[in-house]
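To start, the structure itself, in structure tokens.
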Amino acid sequence: MNIYIKNLILALIAIVTLGMTSCSEDKLGDTIFPATEEDLDQTSYTYPLDAYLRDSFLIPYNVQFIYKMEDVGTKMQRNVVPANYEKSVQLAVLSNYLWYDVYRKLAGEHELFLKKYSPRIIHVIGSPSYNSDGTMTLGYAENGIKITLQAANWLDYHVIEGLRGLNYMFFHTMHHEFVHILDQTYSHPQPFNLISNGLYDSNWPDTPKELANSRGFVTPYASAEDMEDWAELISNYVTMNEATWDSMMVRASFDYDDIKIEVENEDKFKDSLTKIRLTAVDLDSVGYYYTTSNYEVHWIRKMIRRDGNDRPQPDADGNIIYEYKDGINGVDIINQKLTMAKQWLKDHFQIDLDELRKEVQGRQYVTNPDGTYKKVGGNYVNRLSEVDPVTGKSLMDTLLEDVEKYKK
Amino acid sequence: MNMNKILFASVLLCGTAMLFTSCKNEEDDLFSQSAAERLDSYKTQYTSQMVDNAPNGWVFQYFPNEETSTKRSYGYVLLMKFFGDHRVAMAMSNRYSQTGAYATDTSLWEVITDNGPVLSFNSYNECLHAFSNPFLETPTINYLTEATFESGEGIGGDYEFVIVDAPAEGKYVTLKGKKRATYSRMLALPEAVDSKQYFDELSQLNSDFFPKSFTTKCRLIQNGQTFVVDSMSTGLPVIYPEEGNATDDGKRIPFVMAIVGDKYNVRFRDPIDFSDKGNDKSASQEFIYNPADDTFESVSDNGAKLVPIQPIPFFQARLKGVAYSIRYDNKTSMSDNFSTLMNNFRQQQSGFSSIDLKESNGTMLLTVHYTRYINKRYTPAEASFKYQVTYNAEDNTITLVLDGPMDTIASTLLANNSALQPLLQAFEQTFKVSGHATNFSLRRMKMVSTTDSNMWIIFN
């Protein structure tokens, strides 16, 4: 090789080498952040809860339970407020007792299951957030990493069922979002998406529960899309008590008329209502009316045989004759979906869905020695708030002691 | 071969030149510490200051949002006391108190490192977060049925604040809302206060200066210009140049009044800036009451003042259409000598209840309200007495000269009650006229004898 070319190459190498080392570099010193073993401030008012969360979530499952709201961790387009401290304590112990501890016990891999699949962050927010369609968001999951639980300030452990109950507000949401996370690891079976294909409707907020159930959806929200259908199915099966689930299935066993009522003017509205009322024979055929978000008025009633004047036409014994015209058997469809869900959980996570349900509900409701649920006045007895006559304490009191012990 | 030599030399030369320029743009450190270290240091410093700089707590002059034309635009006063264990106790008394007019609650606080040091109230407090909550449990007051609550927005107030200015030994902290970017301020209380009592006194103060049911106007004198400040009593006054009008030239800026020690503090949410570019650094925002001349003086060195309107022109106009009255037994609204005269007349005329003043056709009428026994029943009656009236706007005085009874009813009353004449004569003199506590509120008229300052009376 030409000597000049050789020297040129050598010179270039030298220049590049010198260039890389010619500028001074900052010397790295010790970390500026405190690196102590005890990273919790024991003088802080919140030390008991912080220590509980460290020992019950962070160390065993690598989960960060954030109750001091981080504004940047919320949806900035929504106005929300932080959770009340006492409510945060309650939510923390209940999350452990009704969610983490249950899966730890029943999942095939126990603690490892939670380490693998649990969200890494649970973020608690005090209020719900409101959407432009009038609905409110109680919780959401993000990329399998984080679950945000909202409306914590509405938590009342004395109430398990109902719109302000623990299940609807929190634990159904937790199980729902958790199913989404599991779904991201092992997708739910594709045939599931075909069962209700064509019936999903983004207008679910305006869908009454009767219609949703009769079409094979456990809740109106399940009719939004297949992923929500999947999560709603499992989470509601786990959290709905038997009576509530059975009521839902009864609703699913009927077909319904959904009649839009003309309301352009008051006379037409009254005419429509009068006509419907005149045709009522008994409560079973009456139904009720509801309004939608775009101010339509609808009347929903069970589908029964009627004459030309829209009057019920009972049989010879005077019994209502129910009709089924839409070709959809809501009960069969829900059961079909449930079978798939049970198999999926068993195959991928070694979780028996029925055992999961039994465990969760056994922790929420008082049971008799024979395993049946204790009822008073037809209502399930809340295990969390029921006071033990011997100890004078409720289960919730005992759970809260797990936090209180850190005060010492 | 020559080309190779030239090429070699060129590359060597260029490379060397590049070598020397590669470090050209390195700059010396402006700070001795990294940004993370400085932020951490401020976090520690401000955390201590919140607790240590105000052992008696802070008055928080809070402006939840940046709006100017809705009911959500008002400012509010909260009391806060920070503890070293990261609790904060708050108190307030306003329309958003869920538990009634007065509310207290304790929650958590922290100085966090965001893009800068941020004071975060990161657990729910019934006081502060009422302004942020998109949902209120008990919408029992009219304003709570506004569409904004139904849509889940709430008032949209901040509860995280960038710490803009917090001098190390200072007795104030200036905060900027993270979302709404409005400036709020905390002032250290010099003495411990009972928070319920504080808000009772503050309510009385607001009532004295800017009563709700009474339109008040005052003037802002700033940089040689005079501005009208109209409707301070609403909490959202409109401010406009005196030569202009409210519609075309007005700005609505909410304000709050607070008591800090023995000082009355008025703070507007925004500087009162009428410059063309809106960047007048001398624009006033905060004022302290000077009782000596009954004005609010700007805390910045610009000589600006909020001054009340002159009482005599106001009363002179108002007395033509409105009667100012006083009950005979309202002892807190009159001096002992007036009280004695009233009671003496009352002993003679048992139905005597009140007197009022009103101008009619250039004559001041003092009307006595009493009851007459006619046809076996007591009937409300009144008798008026005429005074010549002279107003002096320069020294804010009113001079009354008694003319006599207006009609036979009055004459009869006078003849039958010897104690009435002294009462009427007590009004025949010159009075200094002002608002009862301050001229910022002329809802009540105080008349003080210019010859005997212990002789005074306050009409409503």
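By order in the structure tokens, chains are A, B, ...; within a chain, residues start at 1; ligands start at 1, following the order shown.
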
DSSP says alpha helix (DSSP H) for which residues of segment 125-272 of chain B? Put them as a list in words? Ala147, Thr148, Phe149, Glu150, Ser195, Lys196, Gln197, Tyr198, Phe199, Asp200, Glu201, Leu202, Ser203, Gln204, Leu205, Asn206, Ser207, Asp208, Phe209, Ala246, Thr247, Asp248 and Asp249 of chain B

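Minimum distance to chain B across A:Ile328, A:Leu233, A:Val218, A:Val89 (counting only C-alpha atoms) occurs at A:Val89.
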
Enumerate as a PyMOL selection string all residues of segment 211-278 of chain A assigned to strand (DSSP E) by DSSP on the backbone, naming them with the chain letters and numbers the document uses. chain A and resi 256-261

Would you compute the distance between atom CA of Ala304 of chain B and atom CA of Phe227 of chain B? Give it in Å to one decimal. 10.9 Å
